[in-house]
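Engineer: What follows is data01.txt, compact mmCIF, C-alpha atoms.
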```txt
# COMPACT_ATOMS: atom_id res chain seq x y z
CA MET A 1 -81.37 54.78 34.68
CA GLU A 2 -81.50 51.91 32.25
CA GLN A 3 -81.62 48.35 33.72
CA THR A 4 -78.69 46.17 32.51
CA ARG A 5 -79.30 43.02 34.59
CA PRO A 6 -82.09 40.74 33.42
CA PRO A 7 -84.83 39.89 35.82
CA GLU A 8 -84.14 36.90 38.11
CA GLU A 9 -86.87 34.84 36.55
CA PHE A 10 -84.89 34.85 33.25
CA VAL A 11 -81.50 33.61 34.79
CA SER A 12 -80.90 29.79 34.73
CA SER A 13 -79.52 28.12 37.87
CA ARG A 14 -77.75 25.30 35.84
CA PRO A 15 -74.22 25.76 34.37
CA THR A 16 -73.92 26.05 30.66
CA ALA A 17 -73.19 22.59 29.08
CA PRO A 18 -70.09 22.34 26.84
CA PRO A 19 -70.71 21.91 23.17
CA ALA A 20 -71.44 18.30 22.25
CA SER A 21 -68.97 18.45 19.36
CA ALA A 22 -65.93 18.72 21.74
CA TRP A 23 -66.80 15.41 23.39
CA ARG A 24 -67.19 13.74 20.06
CA VAL A 25 -63.75 14.96 18.90
CA LEU A 26 -62.12 13.64 22.10
CA ALA A 27 -63.82 10.26 21.77
CA VAL A 28 -62.71 9.89 18.16
CA ALA A 29 -59.12 10.81 19.06
CA LEU A 30 -58.98 8.25 21.87
CA THR A 31 -60.42 5.60 19.58
CA LEU A 32 -57.79 6.31 16.94
CA VAL A 33 -54.99 6.07 19.50
CA LEU A 34 -56.32 2.73 20.71
CA VAL A 35 -56.57 1.40 17.17
CA LEU A 36 -52.99 2.49 16.40
CA VAL A 37 -51.66 0.83 19.55
CA LEU A 38 -53.45 -2.41 18.74
CA ALA A 39 -52.26 -2.30 15.13
CA ALA A 40 -48.65 -1.74 16.20
CA GLY A 41 -48.84 -4.66 18.58
CA LEU A 42 -50.29 -6.95 15.94
CA TRP A 43 -47.68 -5.83 13.39
CA ALA A 44 -44.85 -6.52 15.83
CA ARG A 45 -46.29 -9.92 16.59
CA TRP A 46 -47.10 -11.13 13.10
CA ARG A 47 -44.73 -9.24 10.77
CA SER A 48 -42.51 -11.51 8.69
CA LEU A 49 -38.85 -12.12 9.54
CA SER A 50 -36.44 -11.03 6.81
CA ASP A 51 -33.82 -13.46 5.54
CA ASP A 52 -31.11 -11.10 6.76
CA ASP A 53 -32.52 -11.04 10.30
CA ALA A 54 -32.98 -14.81 10.24
CA ALA A 55 -29.33 -15.34 9.24
CA ARG A 56 -28.08 -12.90 11.87
CA LEU A 57 -30.17 -14.38 14.66
CA GLY A 58 -29.29 -17.90 13.57
CA ALA A 59 -25.60 -17.04 13.74
CA ARG A 60 -26.08 -15.53 17.19
CA ALA A 61 -27.92 -18.65 18.33
CA THR A 62 -25.07 -20.80 17.02
CA VAL A 63 -22.56 -18.91 19.16
CA ALA A 64 -24.90 -19.27 22.15
CA SER A 65 -25.09 -23.03 21.54
CA VAL A 66 -21.30 -23.23 21.46
CA ARG A 67 -21.10 -21.31 24.75
CA THR A 68 -23.71 -23.32 26.64
CA GLY A 69 -23.63 -26.69 24.90
CA LEU A 70 -20.17 -27.40 23.54
CA ARG A 71 -18.13 -25.41 26.04
CA PRO A 72 -14.80 -25.48 24.14
CA ASP A 73 -11.45 -25.52 25.90
CA PRO A 74 -11.34 -22.23 27.86
CA SER A 75 -7.58 -22.05 27.44
CA VAL A 76 -8.14 -21.64 23.69
CA LEU A 77 -11.63 -20.12 23.51
CA PRO A 78 -12.48 -18.53 26.87
CA ASP A 79 -16.07 -17.59 27.57
CA ALA A 80 -15.19 -13.89 27.30
CA VAL A 81 -14.20 -14.45 23.67
CA LEU A 82 -17.42 -16.31 22.92
CA ALA A 83 -19.41 -13.55 24.64
CA ASP A 84 -17.79 -10.95 22.37
CA GLN A 85 -18.56 -13.09 19.34
CA GLU A 86 -22.19 -13.48 20.38
CA ALA A 87 -22.54 -9.73 20.91
CA ALA A 88 -21.00 -9.07 17.49
CA PHE A 89 -24.17 -10.44 15.87
CA GLY A 90 -26.33 -7.76 17.43
CA PRO A 91 -29.24 -7.89 19.88
CA ALA A 92 -31.01 -11.09 20.81
CA ALA A 93 -34.26 -12.10 19.13
CA THR A 94 -37.45 -10.46 20.30
CA PRO A 95 -40.34 -12.78 21.30
CA SER A 96 -41.89 -12.23 17.88
CA GLN A 97 -38.62 -12.98 16.07
CA ALA A 98 -38.09 -16.06 18.22
CA ARG A 99 -41.52 -17.37 17.18
CA HIS A 100 -40.74 -16.83 13.52
CA LEU A 101 -37.35 -18.54 13.87
CA GLU A 102 -39.03 -21.51 15.54
CA ALA A 103 -41.59 -21.65 12.73
CA ARG A 104 -38.79 -21.71 10.16
CA GLY A 105 -37.13 -24.62 11.94
CA THR A 106 -33.69 -24.00 13.41
CA GLY A 107 -32.51 -27.61 13.29
CA ALA A 108 -30.42 -29.44 15.85
CA PRO A 109 -27.67 -27.57 17.70
CA PRO A 110 -24.13 -28.14 16.38
CA GLY A 111 -22.50 -31.33 17.57
CA SER A 112 -18.96 -29.97 17.39
CA LEU A 113 -17.06 -26.74 16.97
CA ALA A 114 -16.29 -27.78 13.39
CA ASP A 115 -20.02 -28.18 12.66
CA ALA A 116 -20.73 -24.74 14.13
CA ALA A 117 -17.93 -23.20 12.06
CA ALA A 118 -19.34 -24.83 8.91
CA TRP A 119 -22.75 -23.25 9.62
CA LEU A 120 -21.20 -19.80 9.98
CA GLU A 121 -19.14 -20.40 6.85
CA ASP A 122 -22.39 -20.92 4.95
CA VAL A 123 -23.69 -17.59 6.28
CA ALA A 124 -20.44 -15.91 5.24
CA ARG A 125 -20.64 -17.47 1.79
CA THR A 126 -24.26 -16.63 0.96
CA SER A 127 -25.32 -13.52 2.86
CA PRO A 128 -25.82 -10.42 0.69
CA ASN A 129 -25.04 -8.35 3.80
CA GLY A 130 -21.28 -7.78 3.69
CA GLU A 131 -21.07 -6.79 7.36
CA LEU A 132 -22.81 -9.99 8.45
CA ALA A 133 -20.74 -12.11 6.07
CA ALA A 134 -17.46 -10.71 7.39
CA THR A 135 -18.48 -11.19 11.03
CA ALA A 136 -19.55 -14.79 10.37
CA ALA A 137 -16.27 -15.47 8.54
CA SER A 138 -14.26 -13.95 11.38
CA VAL A 139 -15.93 -16.09 14.04
CA ALA A 140 -15.66 -19.21 11.89
CA ALA A 141 -11.93 -18.55 11.45
CA SER A 142 -11.38 -18.44 15.20
CA TRP A 143 -13.26 -21.73 15.62
CA TRP A 144 -11.30 -23.38 12.83
CA ALA A 145 -8.13 -22.28 14.57
CA ALA A 146 -9.30 -23.62 17.93
CA GLU A 147 -10.65 -26.97 16.72
CA PRO A 148 -7.84 -29.55 16.93
CA PRO A 149 -7.28 -31.50 13.71
CA PRO A 150 -8.06 -35.23 13.54
CA ALA A 151 -5.39 -37.52 14.90
CA GLY A 152 -2.59 -37.97 12.41
CA ALA A 153 -3.83 -35.25 10.07
CA ASP A 154 -1.59 -32.43 8.91
CA PRO A 155 -3.59 -29.22 9.50
CA THR A 156 -1.45 -27.30 7.01
CA ALA A 157 -1.81 -29.66 4.06
CA ARG A 158 -4.34 -28.90 1.37
CA ARG A 159 -5.95 -32.11 0.14
CA THR A 160 -6.81 -31.00 -3.36
CA GLU A 161 -5.52 -31.59 -6.84
CA GLU A 162 -4.43 -27.97 -6.97
CA SER A 163 -2.05 -28.62 -4.07
CA GLU A 164 -0.54 -31.55 -5.94
CA ALA A 165 -0.08 -29.36 -9.01
CA GLY A 166 1.41 -26.59 -6.92
CA SER A 167 4.06 -28.79 -5.27
CA GLY A 168 7.38 -28.17 -6.94
CA ALA A 169 5.89 -25.68 -9.34
CA GLY A 170 7.48 -22.78 -7.53
CA SER A 171 5.96 -19.58 -6.28
CA PRO A 172 3.78 -17.46 -8.57
CA ALA A 173 5.74 -14.48 -7.36
CA THR A 174 8.34 -14.71 -10.13
CA SER A 175 8.43 -15.99 -13.67
CA ASP A 176 11.12 -18.60 -12.95
CA GLY A 177 9.61 -19.95 -9.74
CA SER A 178 12.14 -18.22 -7.48
CA ALA A 179 11.22 -15.76 -4.79
CA GLY A 180 14.03 -13.31 -5.31
CA GLU A 181 17.08 -12.75 -3.14
CA ARG A 182 16.80 -12.58 0.63
CA ASP A 183 18.83 -10.26 2.78
CA GLY A 184 18.25 -11.18 6.41
CA ASP A 185 15.18 -9.44 7.75
CA GLY A 186 15.32 -6.67 5.21
CA PRO A 187 13.52 -6.03 1.94
CA VAL A 188 13.60 -8.56 -0.81
CA SER A 189 13.63 -7.81 -4.50
CA GLY A 190 12.51 -9.92 -7.39
CA ALA A 191 10.80 -9.92 -10.75
CA ALA A 192 7.13 -9.18 -11.24
CA PRO A 193 4.87 -12.23 -11.44
CA LYS A 194 4.26 -13.96 -14.74
CA VAL A 195 1.43 -16.46 -14.41
CA PRO A 196 0.90 -18.49 -17.58
CA THR A 197 -2.66 -19.02 -18.75
CA GLU A 198 -3.97 -22.49 -19.53
CA GLU A 199 -4.28 -23.57 -23.11
CA GLY A 200 -7.53 -22.51 -24.68
CA ASP A 201 -8.14 -19.75 -22.17
CA GLY A 202 -7.15 -17.02 -24.57
CA GLU A 203 -5.71 -13.71 -23.50
CA ASP A 204 -7.18 -11.69 -20.67
CA THR A 205 -8.66 -8.41 -21.77
CA ASP A 206 -8.16 -5.14 -19.94
CA ASP A 207 -11.85 -5.15 -19.02
CA ASP A 208 -11.58 -8.63 -17.44
CA ALA A 209 -8.59 -7.57 -15.36
CA ALA A 210 -10.21 -4.34 -14.26
CA SER A 211 -13.35 -6.15 -13.09
CA SER A 212 -11.22 -8.24 -10.69
CA CYS A 213 -9.26 -5.37 -9.16
CA GLU A 214 -11.29 -4.97 -5.97
CA PRO A 215 -9.00 -3.28 -3.39
CA ALA A 216 -9.85 -5.55 -0.44
CA GLN A 217 -9.30 -8.69 -2.52
CA LEU A 218 -6.01 -7.31 -3.85
CA ALA A 219 -4.90 -6.65 -0.26
CA ALA A 220 -5.75 -10.26 0.61
CA VAL A 221 -3.69 -11.55 -2.32
CA THR A 222 -0.74 -9.40 -1.22
CA ALA A 223 -0.99 -10.73 2.35
CA LEU A 224 -1.14 -14.32 1.09
CA ASP A 225 1.91 -13.79 -1.10
CA ARG A 226 3.85 -12.28 1.81
CA ALA A 227 2.93 -15.29 3.97
CA ARG A 228 4.04 -17.63 1.19
CA PHE A 229 7.32 -15.79 0.80
CA THR A 230 7.97 -15.89 4.56
CA ALA A 231 7.22 -19.62 4.66
CA GLU A 232 9.62 -20.23 1.79
CA ALA A 233 12.31 -18.20 3.55
CA ALA A 234 11.74 -20.13 6.77
CA ALA A 235 11.99 -23.48 4.96
CA ALA A 236 15.39 -22.45 3.64
CA ARG A 237 16.62 -22.12 7.24
CA ILE A 238 15.26 -25.45 8.49
CA PRO A 239 17.25 -28.65 7.91
CA ALA A 240 15.71 -30.88 5.23
CA ASP A 241 15.28 -33.79 7.66
CA ALA A 242 13.58 -31.74 10.38
CA ALA A 243 9.88 -32.28 11.06
CA GLN A 244 9.20 -28.56 10.76
CA ARG A 245 10.62 -28.54 7.24
CA GLY A 246 7.80 -30.74 5.95
CA THR A 247 5.22 -28.54 7.64
CA MET A 248 6.74 -25.41 6.14
CA ASP A 249 6.85 -26.97 2.68
CA ALA A 250 3.17 -27.89 3.04
CA VAL A 251 2.31 -24.30 3.99
CA THR A 252 4.21 -23.00 0.96
CA ASP A 253 2.48 -25.45 -1.39
CA THR A 254 -0.94 -24.60 0.03
CA LEU A 255 -0.40 -20.88 -0.43
CA ASP A 256 0.97 -21.47 -3.93
CA ALA A 257 -2.22 -23.33 -4.82
CA THR A 258 -4.38 -20.52 -3.43
CA LEU A 259 -2.49 -17.91 -5.45
CA ARG A 260 -3.08 -19.99 -8.59
CA GLU A 261 -6.85 -20.20 -8.08
CA PRO A 262 -8.77 -19.22 -11.25
CA ALA A 263 -10.41 -16.40 -9.29
CA VAL A 264 -7.01 -15.02 -8.27
CA THR A 265 -4.91 -15.14 -11.41
CA PRO A 266 -6.73 -12.25 -13.18
CA MET A 267 -5.85 -10.01 -10.24
CA LEU A 268 -2.15 -10.44 -10.94
CA SER A 269 -2.63 -8.17 -13.96
CA CYS A 270 -4.06 -5.32 -11.90
CA ASP A 271 -2.20 -2.06 -11.61
CA PRO A 272 -0.56 -1.95 -9.14
CA ALA A 273 -0.05 -5.70 -9.08
CA PRO A 274 -0.84 -7.34 -5.73
CA VAL A 275 2.17 -9.65 -6.12
CA ALA A 276 5.18 -7.50 -6.84
CA GLY A 277 7.91 -10.05 -6.07
CA GLY A 278 9.33 -8.16 -3.11
CA HIS A 279 8.44 -8.37 0.59
CA VAL A 280 9.94 -7.45 3.94
CA LEU A 281 10.40 -10.35 6.32
CA PRO A 282 8.62 -9.78 9.65
CA ALA A 283 10.43 -8.61 12.75
CA GLY A 284 11.80 -11.50 14.78
CA PHE A 285 12.09 -13.78 11.77
CA ALA A 286 15.73 -14.62 12.44
CA GLU A 287 15.01 -15.61 16.06
CA ASP A 288 11.93 -17.76 15.36
CA PRO A 289 11.11 -18.29 11.67
CA THR A 290 8.21 -20.65 12.39
CA ARG A 291 6.42 -18.22 14.66
CA ALA A 292 7.05 -15.43 12.14
CA VAL A 293 5.29 -17.48 9.46
CA GLY A 294 2.36 -17.99 11.84
CA GLY A 295 2.13 -14.24 12.31
CA THR A 296 2.01 -13.54 8.56
CA LEU A 297 -0.63 -16.24 8.13
CA ARG A 298 -2.76 -14.58 10.80
CA GLU A 299 -2.37 -11.25 8.99
CA ALA A 300 -3.47 -12.97 5.78
CA SER A 301 -6.52 -14.35 7.59
CA ALA A 302 -7.49 -10.85 8.72
CA ALA A 303 -7.12 -9.54 5.16
CA LEU A 304 -9.29 -12.38 3.84
CA VAL A 305 -12.05 -11.55 6.35
CA SER A 306 -12.04 -7.93 5.19
CA ALA A 307 -12.23 -9.10 1.58
CA VAL A 308 -15.25 -11.31 2.38
CA GLY A 309 -17.12 -8.25 3.64
CA ALA A 310 -16.27 -6.25 0.52
CA SER A 311 -17.11 -9.01 -1.98
CA SER A 312 -20.32 -10.37 -3.47
CA PRO A 313 -21.40 -13.90 -2.55
CA GLU A 314 -20.24 -15.17 -5.95
CA ASP A 315 -16.65 -14.10 -5.22
CA ARG A 316 -16.26 -15.53 -1.72
CA ASP A 317 -15.48 -19.20 -2.34
CA TRP A 318 -11.73 -18.84 -2.70
CA LEU A 319 -11.61 -16.29 0.12
CA LEU A 320 -13.24 -18.67 2.60
CA THR A 321 -11.11 -21.61 1.48
CA GLY A 322 -7.99 -19.51 1.99
CA LEU A 323 -9.31 -18.30 5.34
CA LEU A 324 -9.77 -21.84 6.65
CA GLU A 325 -6.27 -22.82 5.57
CA THR A 326 -4.49 -19.76 6.93
CA ALA A 327 -6.38 -19.73 10.25
CA VAL A 328 -5.60 -23.39 10.99
CA ALA A 329 -1.97 -23.12 9.87
CA ALA A 330 -1.39 -19.90 11.85
CA GLN A 331 -2.57 -21.48 15.09
CA HIS A 332 -0.54 -24.63 14.42
CA LEU A 333 2.67 -22.67 13.83
CA ASP A 334 2.12 -20.07 16.55
CA PRO A 335 0.06 -21.81 19.28
CA ALA A 336 1.19 -19.35 21.98
CA HIS A 337 -0.69 -16.56 20.23
CA PRO A 338 -4.30 -16.36 21.51
CA VAL A 339 -7.14 -16.94 19.09
CA PRO A 340 -8.66 -13.52 18.25
CA ALA A 341 -12.33 -13.10 19.08
CA LEU A 342 -13.04 -11.24 15.85
CA LEU A 343 -10.12 -11.65 13.51
CA GLY A 344 -9.99 -8.80 11.00
CA ARG A 345 -12.96 -7.05 12.65
CA GLU A 346 -11.30 -5.46 15.66
```
Translate the structure described by the file into structure tokens.

Structural biologist:
Amino acid sequence: MEQTRPPEEFVSSRPTAPPASAWRVLAVALTLVLVLVLAAGLWARWRSLSDDDAARLGARATVASVRTGLRPDPSVLPDAVLADQEAAFGPAATPSQARHLEARGTGAPPGSLADAAAWLEDVARTSPNGELAATAASVAASWWAAEPPPAGADPTARRTEESEAGSGAGSPATSDGSAGERDGDGPVSGAAPKVPTEEGDGEDTDDDAASSCEPAQLAAVTALDRARFTAEAAAARIPADAAQRGTMDAVTDTLDATLREPAVTPMLSCDPAPVAGGHVLPAGFAEDPTRAVGGTLREASAALVSAVGASSPEDRDWLLTGLLETAVAAQHLDPAHPVPALLGRE
């Protein structure tokens, strides 16, 4: 019989060692993992902070400063509202982002609610991120509404030359300055707007008109015109010697001036026109015309916020000016209505 088992003297008592190459592969893999972890940590620590992140985190920090430092009247701006506004700007800064923000220099905290609103207005005016711009505009609007005006100042009056020109010039809703016939709380009819161009301007081309027909901006113009019409209707029901009559006339003049802004007038040629000369007065107008005007102004503010988000930075100046005016006037005329946390963003 043939022997199949080798003699004992040829069998080793030590176990067979694994191939050296397997250990080398494992060591290389572990080294690579360690290098990747270290690289990720260094990248997170030292990577640059984008301008968009810096603006967002700066806006969030501004709200936090208002909450903890300024502590506005809780009956107007409760902490729950400020908390919602802070959360609207996204997550807080990471340690790395906080270091970069500190290196950029964040400046002194705002000294007043008006200062804080002005900072957010700048974000809303310049940010290429439409979502961030609209959120900043919305929060600024609520702070403008909550900040009481200086003693003796009329919060509804627009202190510009355009306001002076608009006084007595009539509404841009109709060619003769009238607003059409009113019929209680029902629909109102009137002629289509005819806005004369200034001498030397030349005629608007179809291309110029089409370039201005952005839907969100057109919706804002329509809301402003409805607010103006409602204010004019309310003024007609208030005695000429009443204090509210002067306020309502100031609101009408301010809205007239906004609707005659150079950035707005080309939109009146869009199809369909944003100012059609006919509006429906809001429900409850007959019972409380002043409060009804405040409601339409708040709706106009919301439409302006939406338009900010849909517009380029170059087109936001008139939107933010109109937003400040409508937000302040709405709260003045309808103080019982709470200030929205995120007007036009809810």

Engineer: If I take atom CA of Glu314 of chain A and atom CA of Arg125 of chain A, how far is one from the other in Å, to one decimal?

Structural biologist: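 These atoms are spaced 8.1 Å apart.
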
Engineer: So which one's closest to Ala118 of chain A, A:Ser212, A:Thr62, A:Ser75, A:Ser21? Using only C-alpha atoms, please.

Structural biologist: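 Checking each of A:Ser212, A:Thr62, A:Ser75, A:Ser21 against Ala118 of chain A, counting only C-alpha atoms, the winner is A:Thr62.
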
Engineer: Enter the distance from atom CA of Ser142 of chain A to atom CA of Gln217 of chain A, in Å, rounded to one decimal.

Structural biologist: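 Computed distance, atom CA of Ser142 of chain A to atom CA of Gln217 of chain A, equals 20.3 Å.
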
Engineer: Name all residues at most 9 Å from Ala114 of chain A (count all atoms listed in the file; drop same-chain ones fewer than 5 positions away) and give them as number ranges by chain.

Structural biologist: A: 119, 140, 143-144, 147

Engineer: How big is the axis-aligned box around all listed atoms of segment 135-138 of chain A once 3 Å goes on each side, and where's its centre, in Å to one decimal, as JSON?

Structural biologist:
```
{"center_x": -16.9, "center_y": -13.3, "center_z": 10.0, "size_x": 11.3, "size_y": 10.3, "size_z": 8.8}
```

Engineer: One decimal, Å: what's the distance from atom CA of Ala145 of chain A over to atom CA of Arg316 of chain A, could you say?

Structural biologist: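 Separation of atom CA of Ala145 of chain A and atom CA of Arg316 of chain A: 19.4 Å.
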
Engineer: Which is closest to Gly90 of chain A among A:Ser127, A:Thr135, A:Ser65, A:Thr265, if we use only C-alpha atoms?

Structural biologist: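 With only C-alpha atoms as the atom set, the closest residue is A:Thr135.
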
Engineer: Using only C-alpha atoms, can you tell me which of A:Leu49, A:Thr126, A:Thr258, A:Leu132 comes closest to Ala93 of chain A?

Structural biologist: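 Smallest separation from Ala93 of chain A among the options: A:Leu49.
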
Engineer: Counting all atoms listed in the file, which of A:Leu268, A:Ala134, A:Leu70, A:Ala146 gets nearest to Ser112 of chain A?

Structural biologist: A:Leu70

Engineer: Pick the closest to Arg291 of chain A from A:Ala250, A:Val264, A:Ala227, A:Ala310: which is it, counting all atoms listed in the file?

Structural biologist: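 Looking only at the distances to Arg291 of chain A, the closest residue turns out to be A:Ala227.
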
Engineer: Which of these residues is nearest to Arg237 of chain A, using all atoms listed in the file: A:Pro289, A:Gly284, A:Pro109, A:Pro340?

Structural biologist: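 Going through A:Pro289, A:Gly284, A:Pro109, A:Pro340 one by one, the smallest distance to Arg237 of chain A is for A:Pro289.
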
Engineer: Missing atoms in segment 223-245 of chain A: can you complete it with N, CA, C and O atoms, as a PDB file, in the coordinates of the input?

Structural biologist:
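Dumped to out_19.pdb:
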```pdb
ATOM      1  N   ALA A 223      -1.280 -10.120   1.048  1.00  0.00           N
ATOM      2  CA  ALA A 223      -0.990 -10.730   2.350  1.00  0.00           C
ATOM      3  C   ALA A 223      -0.690 -12.221   2.194  1.00  0.00           C
ATOM      4  O   ALA A 223       0.200 -12.757   2.871  1.00  0.00           O
ATOM      5  N   LEU A 224      -1.408 -12.904   1.324  1.00  0.00           N
ATOM      6  CA  LEU A 224      -1.140 -14.320   1.090  1.00  0.00           C
ATOM      7  C   LEU A 224       0.241 -14.524   0.475  1.00  0.00           C
ATOM      8  O   LEU A 224       0.979 -15.444   0.846  1.00  0.00           O
ATOM      9  N   ASP A 225       0.596 -13.655  -0.458  1.00  0.00           N
ATOM     10  CA  ASP A 225       1.910 -13.790  -1.100  1.00  0.00           C
ATOM     11  C   ASP A 225       3.031 -13.507  -0.105  1.00  0.00           C
ATOM     12  O   ASP A 225       4.077 -14.165  -0.143  1.00  0.00           O
ATOM     13  N   ARG A 226       2.815 -12.550   0.792  1.00  0.00           N
ATOM     14  CA  ARG A 226       3.850 -12.280   1.810  1.00  0.00           C
ATOM     15  C   ARG A 226       3.986 -13.480   2.752  1.00  0.00           C
ATOM     16  O   ARG A 226       5.101 -13.846   3.145  1.00  0.00           O
ATOM     17  N   ALA A 227       2.865 -14.099   3.122  1.00  0.00           N
ATOM     18  CA  ALA A 227       2.930 -15.290   3.970  1.00  0.00           C
ATOM     19  C   ALA A 227       3.655 -16.423   3.257  1.00  0.00           C
ATOM     20  O   ALA A 227       4.470 -17.140   3.859  1.00  0.00           O
ATOM     21  N   ARG A 228       3.350 -16.590   1.955  1.00  0.00           N
ATOM     22  CA  ARG A 228       4.040 -17.630   1.190  1.00  0.00           C
ATOM     23  C   ARG A 228       5.542 -17.372   1.119  1.00  0.00           C
ATOM     24  O   ARG A 228       6.361 -18.270   1.299  1.00  0.00           O
ATOM     25  N   PHE A 229       5.909 -16.122   0.867  1.00  0.00           N
ATOM     26  CA  PHE A 229       7.320 -15.790   0.800  1.00  0.00           C
ATOM     27  C   PHE A 229       8.015 -16.048   2.131  1.00  0.00           C
ATOM     28  O   PHE A 229       9.119 -16.591   2.191  1.00  0.00           O
ATOM     29  N   THR A 230       7.369 -15.679   3.236  1.00  0.00           N
ATOM     30  CA  THR A 230       7.970 -15.890   4.560  1.00  0.00           C
ATOM     31  C   THR A 230       8.116 -17.373   4.852  1.00  0.00           C
ATOM     32  O   THR A 230       9.119 -17.805   5.434  1.00  0.00           O
ATOM     33  N   ALA A 231       7.130 -18.177   4.458  1.00  0.00           N
ATOM     34  CA  ALA A 231       7.220 -19.620   4.660  1.00  0.00           C
ATOM     35  C   ALA A 231       8.359 -20.216   3.848  1.00  0.00           C
ATOM     36  O   ALA A 231       9.090 -21.103   4.320  1.00  0.00           O
ATOM     37  N   GLU A 232       8.531 -19.736   2.633  1.00  0.00           N
ATOM     38  CA  GLU A 232       9.620 -20.230   1.790  1.00  0.00           C
ATOM     39  C   GLU A 232      10.975 -19.850   2.387  1.00  0.00           C
ATOM     40  O   GLU A 232      11.914 -20.648   2.386  1.00  0.00           O
ATOM     41  N   ALA A 233      11.056 -18.630   2.909  1.00  0.00           N
ATOM     42  CA  ALA A 233      12.310 -18.200   3.550  1.00  0.00           C
ATOM     43  C   ALA A 233      12.581 -19.017   4.804  1.00  0.00           C
ATOM     44  O   ALA A 233      13.738 -19.357   5.101  1.00  0.00           O
ATOM     45  N   ALA A 234      11.546 -19.331   5.559  1.00  0.00           N
ATOM     46  CA  ALA A 234      11.740 -20.130   6.770  1.00  0.00           C
ATOM     47  C   ALA A 234      12.177 -21.543   6.424  1.00  0.00           C
ATOM     48  O   ALA A 234      13.039 -22.126   7.106  1.00  0.00           O
ATOM     49  N   ALA A 235      11.609 -22.118   5.359  1.00  0.00           N
ATOM     50  CA  ALA A 235      11.990 -23.480   4.960  1.00  0.00           C
ATOM     51  C   ALA A 235      13.459 -23.550   4.594  1.00  0.00           C
ATOM     52  O   ALA A 235      14.122 -24.564   4.831  1.00  0.00           O
ATOM     53  N   ALA A 236      13.980 -22.467   4.031  1.00  0.00           N
ATOM     54  CA  ALA A 236      15.390 -22.450   3.640  1.00  0.00           C
ATOM     55  C   ALA A 236      16.318 -22.494   4.852  1.00  0.00           C
ATOM     56  O   ALA A 236      17.493 -22.855   4.724  1.00  0.00           O
ATOM     57  N   ARG A 237      15.791 -22.132   6.037  1.00  0.00           N
ATOM     58  CA  ARG A 237      16.620 -22.120   7.240  1.00  0.00           C
ATOM     59  C   ARG A 237      16.434 -23.369   8.102  1.00  0.00           C
ATOM     60  O   ARG A 237      17.085 -23.511   9.132  1.00  0.00           O
ATOM     61  N   ILE A 238      15.536 -24.242   7.708  1.00  0.00           N
ATOM     62  CA  ILE A 238      15.260 -25.450   8.490  1.00  0.00           C
ATOM     63  C   ILE A 238      15.900 -26.632   7.799  1.00  0.00           C
ATOM     64  O   ILE A 238      15.753 -26.803   6.578  1.00  0.00           O
ATOM     65  N   PRO A 239      16.620 -27.482   8.535  1.00  0.00           N
ATOM     66  CA  PRO A 239      17.250 -28.650   7.910  1.00  0.00           C
ATOM     67  C   PRO A 239      16.211 -29.512   7.174  1.00  0.00           C
ATOM     68  O   PRO A 239      15.064 -29.644   7.599  1.00  0.00           O
ATOM     69  N   ALA A 240      16.638 -30.114   6.081  1.00  0.00           N
ATOM     70  CA  ALA A 240      15.710 -30.880   5.230  1.00  0.00           C
ATOM     71  C   ALA A 240      15.107 -32.062   5.965  1.00  0.00           C
ATOM     72  O   ALA A 240      13.988 -32.478   5.646  1.00  0.00           O
ATOM     73  N   ASP A 241      15.803 -32.615   6.963  1.00  0.00           N
ATOM     74  CA  ASP A 241      15.280 -33.790   7.660  1.00  0.00           C
ATOM     75  C   ASP A 241      14.501 -33.425   8.922  1.00  0.00           C
ATOM     76  O   ASP A 241      14.052 -34.316   9.651  1.00  0.00           O
ATOM     77  N   ALA A 242      14.323 -32.150   9.190  1.00  0.00           N
ATOM     78  CA  ALA A 242      13.580 -31.740  10.380  1.00  0.00           C
ATOM     79  C   ALA A 242      12.075 -31.832  10.130  1.00  0.00           C
ATOM     80  O   ALA A 242      11.600 -31.626   9.008  1.00  0.00           O
ATOM     81  N   ALA A 243      11.333 -32.142  11.203  1.00  0.00           N
ATOM     82  CA  ALA A 243       9.880 -32.280  11.060  1.00  0.00           C
ATOM     83  C   ALA A 243       9.240 -30.974  10.624  1.00  0.00           C
ATOM     84  O   ALA A 243       8.282 -30.970   9.839  1.00  0.00           O
ATOM     85  N   GLN A 244       9.776 -29.861  11.111  1.00  0.00           N
ATOM     86  CA  GLN A 244       9.200 -28.560  10.760  1.00  0.00           C
ATOM     87  C   GLN A 244       9.371 -28.231   9.288  1.00  0.00           C
ATOM     88  O   GLN A 244       8.594 -27.462   8.734  1.00  0.00           O
ATOM     89  N   ARG A 245      10.372 -28.828   8.662  1.00  0.00           N
ATOM     90  CA  ARG A 245      10.620 -28.540   7.240  1.00  0.00           C
ATOM     91  C   ARG A 245       9.440 -29.035   6.399  1.00  0.00           C
ATOM     92  O   ARG A 245       8.961 -28.333   5.492  1.00  0.00           O
TER      93      ARG A 245
END
```
